[in-house]
>>> print(open('input31.tsv').read())   # TSV, C-alpha atoms
chain	number	residue	atom	x	y	z
A	1336	MET	CA	-58.14	211.47	123.16
A	1337	ALA	CA	-61.25	209.78	124.55
A	1338	GLN	CA	-62.08	206.39	123.18
A	1339	GLU	CA	-65.41	205.94	121.45
A	1340	PRO	CA	-67.80	203.57	123.19
A	1341	ARG	CA	-67.73	200.09	121.72
A	1342	ARG	CA	-70.88	199.22	119.79
A	1343	ASP	CA	-72.13	195.73	120.48
A	1344	ARG	CA	-73.57	194.50	117.23
A	1345	PRO	CA	-73.30	191.15	115.53
A	1346	ARG	CA	-71.16	190.97	112.41
A	1347	GLY	CA	-73.07	188.53	110.29
A	1348	GLY	CA	-72.99	186.06	113.15
A	1349	PRO	CA	-75.92	184.60	114.99
A	1350	GLY	CA	-77.90	187.88	114.82
A	1351	GLY	CA	-77.93	187.82	111.02
A	1352	ARG	CA	-78.84	184.15	110.94
A	1353	GLU	CA	-81.89	184.66	113.17
A	1354	GLU	CA	-83.39	187.18	110.74
A	1355	ARG	CA	-82.79	184.87	107.78
A	1356	ASP	CA	-84.21	181.81	109.56
A	1357	SER	CA	-87.31	183.64	110.78
A	1358	GLU	CA	-88.92	183.11	107.35
A	1359	PHE	CA	-89.23	179.39	108.14
A	1360	THR	CA	-91.73	177.75	110.44
A	1361	ASP	CA	-90.97	174.34	111.88
A	1362	LYS	CA	-93.20	171.67	113.35
A	1363	LEU	CA	-92.09	168.79	115.51
A	1364	VAL	CA	-93.83	165.70	114.14
A	1365	HIS	CA	-92.44	162.91	116.32
A	1366	ILE	CA	-89.98	162.26	119.16
A	1367	ASN	CA	-88.76	158.73	119.78
A	1368	ARG	CA	-86.76	157.60	122.82
A	1369	VAL	CA	-84.20	154.98	121.92
A	1370	ALA	CA	-82.08	152.90	124.29
A	1371	LYS	CA	-78.62	151.48	123.75
A	1372	VAL	CA	-77.70	148.65	126.11
A	1373	VAL	CA	-74.14	148.96	127.41
A	1374	LYS	CA	-72.10	147.27	130.13
A	1375	GLY	CA	-73.38	149.53	132.93
A	1376	GLY	CA	-77.04	149.50	131.87
A	1377	LYS	CA	-78.92	151.52	129.25
A	1378	ARG	CA	-78.00	154.76	127.54
A	1379	PHE	CA	-81.02	156.73	126.38
A	1380	GLY	CA	-81.07	158.90	123.31
A	1381	PHE	CA	-83.75	160.75	121.37
A	1382	ALA	CA	-84.68	160.80	117.69
A	1383	ALA	CA	-86.71	163.72	116.32
A	1384	LEU	CA	-88.66	164.17	113.07
A	1385	VAL	CA	-89.18	167.83	112.10
A	1386	VAL	CA	-90.93	169.47	109.12
A	1387	VAL	CA	-89.80	172.96	108.04
A	1388	GLY	CA	-91.44	175.29	105.51
A	1389	ASP	CA	-91.78	178.94	104.51
A	1390	GLN	CA	-95.60	178.75	104.06
A	1391	LYS	CA	-95.13	179.93	100.47
A	1392	GLY	CA	-94.60	176.62	98.68
A	1393	ARG	CA	-91.26	175.36	100.05
A	1394	VAL	CA	-91.10	172.49	102.53
A	1395	GLY	CA	-88.59	169.93	103.81
A	1396	PHE	CA	-88.24	167.31	106.53
A	1397	GLY	CA	-85.32	166.19	108.65
A	1398	HIS	CA	-84.36	163.55	111.16
A	1399	GLY	CA	-81.96	164.13	114.06
A	1400	LYS	CA	-80.60	161.98	116.86
A	1401	ALA	CA	-78.90	163.09	120.08
A	1402	ARG	CA	-78.64	162.34	123.80
A	1403	GLU	CA	-80.89	165.31	124.66
A	1404	VAL	CA	-84.25	166.33	123.11
A	1405	PRO	CA	-83.38	169.98	122.22
A	1406	GLU	CA	-80.19	168.90	120.44
A	1407	ALA	CA	-82.08	166.22	118.47
A	1408	ILE	CA	-84.69	168.81	117.41
A	1409	ARG	CA	-81.95	171.27	116.38
A	1410	LYS	CA	-80.21	168.62	114.25
A	1411	ALA	CA	-83.51	167.60	112.64
A	1412	THR	CA	-84.35	171.25	111.86
A	1413	GLU	CA	-80.96	171.82	110.22
A	1414	ALA	CA	-81.41	168.65	108.13
A	1415	ALA	CA	-84.90	169.79	107.10
A	1416	LYS	CA	-83.61	173.19	105.94
A	1417	ARG	CA	-81.02	171.43	103.76
A	1418	SER	CA	-83.70	169.29	102.08
A	1419	LEU	CA	-86.23	171.97	101.08
A	1420	THR	CA	-88.29	171.29	97.95
A	1421	ARG	CA	-90.65	173.60	96.05
A	1422	VAL	CA	-94.24	172.53	95.45
A	1423	ALA	CA	-96.45	174.22	92.84
A	1424	LEU	CA	-99.76	175.33	94.39
A	1425	ARG	CA	-102.92	176.36	92.54
A	1426	ASP	CA	-103.92	179.90	93.58
A	1427	GLY	CA	-101.38	179.53	96.43
A	1428	ARG	CA	-103.86	177.43	98.43
A	1429	THR	CA	-104.35	173.87	97.07
A	1430	LEU	CA	-103.01	171.20	94.69
A	1431	HIS	CA	-103.38	171.31	90.91
A	1432	HIS	CA	-104.64	167.71	90.74
A	1433	ASP	CA	-105.24	164.61	92.86
A	1434	VAL	CA	-102.13	162.54	93.51
A	1435	ALA	CA	-101.06	159.41	95.40
A	1436	GLY	CA	-97.71	158.71	97.04
A	1437	ARG	CA	-96.05	155.86	98.82
A	1438	HIS	CA	-92.94	155.01	100.79
A	1439	GLY	CA	-92.50	151.52	102.13
A	1440	ALA	CA	-95.82	150.45	103.61
A	1441	GLY	CA	-96.99	154.07	103.98
A	1442	LYS	CA	-99.50	155.15	101.35
A	1443	VAL	CA	-101.20	158.54	101.07
A	1444	PHE	CA	-103.83	160.01	98.76
A	1445	LEU	CA	-104.08	163.80	98.33
A	1446	ARG	CA	-107.04	165.56	96.71
A	1447	ALA	CA	-107.39	169.18	95.62
A	1448	ALA	CA	-110.22	170.94	97.47
A	1449	PRO	CA	-112.40	174.02	96.88
A	1450	ALA	CA	-111.75	177.24	98.80
A	1451	GLY	CA	-112.90	177.15	102.41
A	1452	THR	CA	-112.40	173.42	102.90
A	1453	GLY	CA	-109.37	173.75	105.15
A	1454	ILE	CA	-106.76	171.09	105.84
A	1455	ILE	CA	-108.48	167.75	106.29
A	1456	ALA	CA	-105.54	165.52	107.14
A	1457	GLY	CA	-104.20	163.77	110.17
A	1458	GLY	CA	-101.03	164.02	112.21
A	1459	PRO	CA	-97.82	164.01	110.19
A	1460	MET	CA	-99.50	165.06	106.92
A	1461	ARG	CA	-101.15	168.06	108.57
A	1462	ALA	CA	-97.73	169.31	109.74
A	1463	VAL	CA	-96.40	169.09	106.16
A	1464	PHE	CA	-99.37	171.01	104.70
A	1465	GLU	CA	-99.33	173.73	107.38
A	1466	THR	CA	-95.62	174.46	106.92
A	1467	LEU	CA	-96.07	174.31	103.13
A	1468	GLY	CA	-98.72	177.04	103.30
A	1469	MET	CA	-101.52	174.94	101.83
A	1470	GLN	CA	-104.99	176.06	102.91
A	1471	ASP	CA	-107.41	173.60	101.28
A	1472	ILE	CA	-106.75	169.89	100.89
A	1473	VAL	CA	-108.33	166.54	101.65
A	1474	ALA	CA	-105.80	163.81	102.44
A	1475	LYS	CA	-106.01	160.20	103.54
A	1476	SER	CA	-103.26	158.02	104.94
A	1477	LEU	CA	-103.57	154.34	104.06
A	1478	GLY	CA	-101.31	151.53	105.23
A	1479	SER	CA	-98.55	152.24	107.73
A	1480	SER	CA	-99.16	154.87	110.43
A	1481	ASN	CA	-95.43	155.20	111.13
A	1482	PRO	CA	-94.82	159.00	111.03
A	1483	TYR	CA	-91.54	158.62	109.10
A	1484	ASN	CA	-93.23	156.59	106.34
A	1485	VAL	CA	-96.28	158.88	106.23
A	1486	VAL	CA	-94.12	162.02	105.86
A	1487	ARG	CA	-91.95	160.42	103.18
A	1488	ALA	CA	-95.02	159.17	101.30
A	1489	THR	CA	-96.50	162.69	101.46
A	1490	PHE	CA	-93.31	164.15	100.00
A	1491	ASP	CA	-93.38	161.45	97.29
A	1492	ALA	CA	-96.92	162.55	96.36
A	1493	LEU	CA	-95.96	166.25	96.35
A	1494	LYS	CA	-92.96	165.43	94.13
A	1495	HIS	CA	-95.35	164.06	91.48
A	1496	GLN	CA	-97.43	167.26	91.51
A	1497	ASP	CA	-97.44	169.01	88.11
A	1498	SER	CA	-98.48	172.59	87.41
A	1499	PRO	CA	-99.86	173.70	84.01
A	1500	ARG	CA	-96.73	175.84	83.59
A	1501	SER	CA	-94.36	172.86	84.01
A	1502	VAL	CA	-96.43	170.69	81.63
A	1503	ALA	CA	-96.48	173.50	79.04
A	1504	SER	CA	-92.70	173.97	79.28
A	1505	ARG	CA	-92.13	170.21	78.80
A	1506	ARG	CA	-94.32	170.22	75.68
A	1507	ASN	CA	-92.90	173.52	74.37
A	1508	VAL	CA	-96.31	175.19	74.19
A	1509	LYS	CA	-97.94	178.14	75.96
A	1510	VAL	CA	-100.16	177.60	78.99
A	1511	SER	CA	-103.12	179.17	77.15
A	1512	THR	CA	-102.69	176.66	74.28
A	1513	LEU	CA	-102.58	173.81	76.79
A	1514	GLN	CA	-105.78	175.01	78.47
A	1515	ALA	CA	-107.52	175.43	75.08
A	1516	ARG	CA	-106.59	171.85	74.13
A	1517	ARG	CA	-107.90	170.64	77.47
A	1518	ARG	CA	-111.24	172.40	76.93
A	1519	GLU	CA	-111.53	170.92	73.41
A	1520	GLY	CA	-110.80	167.45	74.78
A	1521	ALA	CA	-113.43	167.91	77.49
A	1522	ASP	CA	-116.00	168.95	74.87
A	1523	GLU	CA	-115.31	165.82	72.83
A	1524	VAL	CA	-115.73	163.53	75.82
A	1525	ALA	CA	-119.01	165.19	76.94
A	1526	PRO	CA	-122.09	163.33	75.66
A	1527	ALA	CA	-123.84	165.08	72.75
A	1528	GLU	CA	-127.57	165.76	72.96
>>> encode(input="input31.tsv", output="structure tokens")
Amino acid sequence: MAQEPRRDRPRGGPGGREERDSEFTDKLVHINRVAKVVKGGKRFGFAALVVVGDQKGRVGFGHGKAREVPEAIRKATEAAKRSLTRVALRDGRTLHHDVAGRHGAGKVFLRAAPAGTGIIAGGPMRAVFETLGMQDIVAKSLGSSNPYNVVRATFDALKHQDSPRSVASRRNVKVSTLQARRREGADEVAPAE
């Protein structure tokens, strides 16, 4: 009997992982070369900061250290995928409300923006918003410009983001009731003529 030709196909190995990981986009935010002084001189290593997201409201960041740059980036990407968080977006494009965040000396202020504004943010914050899938936002970084602190402060701000659905579930009311109450409150505050 003739043997059937062997089919080369992955069995849930690396081939399957590539398809699953393709949903994520990653951005390298910062590479830092670090030196360790030893008896024979200096040993150089690299530290990488990477932001990963699915551009549909999930985002995470990771930090990796290794002797070579590609290995540090790989470690940071794996760490970022383990720390994914979901952020509620209004109309899938911007924040529900303005919010501030801080980490250490890094302070950020994020503002919701009308359609067509684009991402007005610098450096590390821009990477977070692009991988998150946000299209319209105005952001300002105050205080420390250290990319690690800026990214962590941005995640702190996003963590404090509330959607009408989450507020309604906390108060045990419907979203429509919440919006009606908000409109009534706005009418009361408006000056009467």
>>> residues_around(input="input31.tsv", residues="Ala1407 (chain A)", least_positions_apart="5", cutoff="8 Å", atoms="all atoms listed in the file", output="JSON, numbers by chain")
{"A": [1381, 1382, 1383, 1399, 1400, 1401, 1402]}
>>> closest_residue(input="input31.tsv", among="A:Val1463, A:Leu1513, A:Val1502, A:Ile1454", to="Leu1363 (chain A)", atoms="only C-alpha atoms")
A:Val1463
>>> atom_distance(input="input31.tsv", atom1="CA of Val1385 (chain A)", atom2="CA of Gly1436 (chain A)")
19.6 Å
>>> axis_aligned_box(input="input31.tsv", around="region 1457-1460 of chain A", padding_each_side="8 Å", output="JSON")
{"center_x": -101.0, "center_y": 164.4, "center_z": 109.6, "size_x": 22.4, "size_y": 17.3, "size_z": 21.3}
>>> closest_residue(input="input31.tsv", among="A:Ala1474, A:Leu1419, A:Ala1515, A:Ala1450", to="Lys1494 (chain A)", atoms="only C-alpha atoms")
A:Leu1419
>>> closest_residue(input="input31.tsv", among="A:Val1473, A:Ala1423, A:Ala1414, A:Ala1492", to="Val1443 (chain A)", atoms="all atoms listed in the file")
A:Ala1492
>>> atom_distance(input="input31.tsv", atom1="CA of Asp1361 (chain A)", atom2="CA of Pro1499 (chain A)")
29.3 Å
>>> closest_residue(input="input31.tsv", among="A:Gly1375, A:Gly1441, A:Gly1392, A:Gly1380", to="Glu1465 (chain A)", atoms="all atoms listed in the file")
A:Gly1392
>>> atom_distance(input="input31.tsv", atom1="CA of Ser1480 (chain A)", atom2="CA of Glu1413 (chain A)")
24.9 Å
>>> closest_residue(input="input31.tsv", among="A:Val1510, A:Met1469, A:Ala1456, A:Val1486", to="Gly1395 (chain A)", atoms="all atoms listed in the file")
A:Val1486
>>> closest_residue(input="input31.tsv", among="A:Ala1440, A:Val1508, A:Val1369, A:Ile1408", to="Arg1487 (chain A)", atoms="all atoms listed in the file")
A:Ala1440
>>> residues_near_point(input="input31.tsv", point="(-111.5, 168.8, 108.5)", cutoff="12 Å", atoms="all atoms listed in the file", output="PyMOL selection string")
chain A and resi 1448+1451-1457+1461+1470-1475
>>> build_atoms(input="input31.tsv", residues="region 1413-1437 of chain A", atoms="N, CA and C atoms", output="PDB file, keeping the file's coordinate frame")
ATOM      1  N   GLU A1413     -82.038 171.502 111.179  1.00  0.00           N
ATOM      2  CA  GLU A1413     -80.960 171.820 110.220  1.00  0.00           C
ATOM      3  C   GLU A1413     -81.038 170.894 109.004  1.00  0.00           C
ATOM      4  N   ALA A1414     -81.292 169.605 109.246  1.00  0.00           N
ATOM      5  CA  ALA A1414     -81.410 168.650 108.130  1.00  0.00           C
ATOM      6  C   ALA A1414     -82.605 168.994 107.250  1.00  0.00           C
ATOM      7  N   ALA A1415     -83.699 169.439 107.859  1.00  0.00           N
ATOM      8  CA  ALA A1415     -84.900 169.790 107.100  1.00  0.00           C
ATOM      9  C   ALA A1415     -84.643 171.008 106.216  1.00  0.00           C
ATOM     10  N   LYS A1416     -83.897 171.978 106.723  1.00  0.00           N
ATOM     11  CA  LYS A1416     -83.610 173.190 105.940  1.00  0.00           C
ATOM     12  C   LYS A1416     -82.708 172.880 104.752  1.00  0.00           C
ATOM     13  N   ARG A1417     -81.893 171.832 104.882  1.00  0.00           N
ATOM     14  CA  ARG A1417     -81.020 171.430 103.760  1.00  0.00           C
ATOM     15  C   ARG A1417     -81.793 170.683 102.688  1.00  0.00           C
ATOM     16  N   SER A1418     -82.971 170.123 103.047  1.00  0.00           N
ATOM     17  CA  SER A1418     -83.700 169.290 102.080  1.00  0.00           C
ATOM     18  C   SER A1418     -84.989 169.949 101.597  1.00  0.00           C
ATOM     19  N   LEU A1419     -85.015 171.269 101.500  1.00  0.00           N
ATOM     20  CA  LEU A1419     -86.230 171.970 101.080  1.00  0.00           C
ATOM     21  C   LEU A1419     -86.547 171.684  99.614  1.00  0.00           C
ATOM     22  N   THR A1420     -87.834 171.471  99.320  1.00  0.00           N
ATOM     23  CA  THR A1420     -88.290 171.290  97.950  1.00  0.00           C
ATOM     24  C   THR A1420     -89.427 172.269  97.682  1.00  0.00           C
ATOM     25  N   ARG A1421     -89.578 172.673  96.432  1.00  0.00           N
ATOM     26  CA  ARG A1421     -90.650 173.600  96.050  1.00  0.00           C
ATOM     27  C   ARG A1421     -91.816 172.813  95.482  1.00  0.00           C
ATOM     28  N   VAL A1422     -93.017 173.183  95.909  1.00  0.00           N
ATOM     29  CA  VAL A1422     -94.240 172.530  95.450  1.00  0.00           C
ATOM     30  C   VAL A1422     -95.114 173.586  94.781  1.00  0.00           C
ATOM     31  N   ALA A1423     -95.583 173.280  93.562  1.00  0.00           N
ATOM     32  CA  ALA A1423     -96.450 174.220  92.840  1.00  0.00           C
ATOM     33  C   ALA A1423     -97.868 174.123  93.409  1.00  0.00           C
ATOM     34  N   LEU A1424     -98.405 175.276  93.840  1.00  0.00           N
ATOM     35  CA  LEU A1424     -99.760 175.330  94.390  1.00  0.00           C
ATOM     36  C   LEU A1424    -100.684 176.090  93.454  1.00  0.00           C
ATOM     37  N   ARG A1425    -101.934 175.642  93.354  1.00  0.00           N
ATOM     38  CA  ARG A1425    -102.920 176.360  92.540  1.00  0.00           C
ATOM     39  C   ARG A1425    -103.496 177.489  93.389  1.00  0.00           C
ATOM     40  N   ASP A1426    -103.445 178.707  92.888  1.00  0.00           N
ATOM     41  CA  ASP A1426    -103.920 179.900  93.580  1.00  0.00           C
ATOM     42  C   ASP A1426    -103.253 180.068  94.949  1.00  0.00           C
ATOM     43  N   GLY A1427    -102.098 179.430  95.168  1.00  0.00           N
ATOM     44  CA  GLY A1427    -101.380 179.530  96.430  1.00  0.00           C
ATOM     45  C   GLY A1427    -102.099 178.880  97.600  1.00  0.00           C
ATOM     46  N   ARG A1428    -103.094 177.986  97.322  1.00  0.00           N
ATOM     47  CA  ARG A1428    -103.860 177.430  98.430  1.00  0.00           C
ATOM     48  C   ARG A1428    -104.111 175.929  98.359  1.00  0.00           C
ATOM     49  N   THR A1429    -104.058 175.300  97.168  1.00  0.00           N
ATOM     50  CA  THR A1429    -104.350 173.870  97.070  1.00  0.00           C
ATOM     51  C   THR A1429    -103.519 173.232  95.945  1.00  0.00           C
ATOM     52  N   LEU A1430    -103.721 171.939  95.726  1.00  0.00           N
ATOM     53  CA  LEU A1430    -103.010 171.200  94.690  1.00  0.00           C
ATOM     54  C   LEU A1430    -103.614 171.475  93.316  1.00  0.00           C
ATOM     55  N   HIS A1431    -102.860 171.180  92.271  1.00  0.00           N
ATOM     56  CA  HIS A1431    -103.380 171.310  90.910  1.00  0.00           C
ATOM     57  C   HIS A1431    -104.227 170.092  90.530  1.00  0.00           C
ATOM     58  N   HIS A1432    -103.899 168.923  91.071  1.00  0.00           N
ATOM     59  CA  HIS A1432    -104.640 167.710  90.740  1.00  0.00           C
ATOM     60  C   HIS A1432    -104.468 166.691  91.859  1.00  0.00           C
ATOM     61  N   ASP A1433    -105.318 165.677  91.869  1.00  0.00           N
ATOM     62  CA  ASP A1433    -105.240 164.610  92.860  1.00  0.00           C
ATOM     63  C   ASP A1433    -103.983 163.780  92.602  1.00  0.00           C
ATOM     64  N   VAL A1434    -103.374 163.283  93.675  1.00  0.00           N
ATOM     65  CA  VAL A1434    -102.130 162.540  93.510  1.00  0.00           C
ATOM     66  C   VAL A1434    -101.978 161.542  94.666  1.00  0.00           C
ATOM     67  N   ALA A1435    -101.332 160.429  94.379  1.00  0.00           N
ATOM     68  CA  ALA A1435    -101.060 159.410  95.400  1.00  0.00           C
ATOM     69  C   ALA A1435     -99.551 159.294  95.577  1.00  0.00           C
ATOM     70  N   GLY A1436     -99.130 158.905  96.777  1.00  0.00           N
ATOM     71  CA  GLY A1436     -97.710 158.710  97.040  1.00  0.00           C
ATOM     72  C   GLY A1436     -97.509 157.542  97.970  1.00  0.00           C
ATOM     73  N   ARG A1437     -96.322 156.964  97.907  1.00  0.00           N
ATOM     74  CA  ARG A1437     -96.050 155.860  98.820  1.00  0.00           C
ATOM     75  C   ARG A1437     -94.572 155.816  99.171  1.00  0.00           C
TER      76      ARG A1437
END
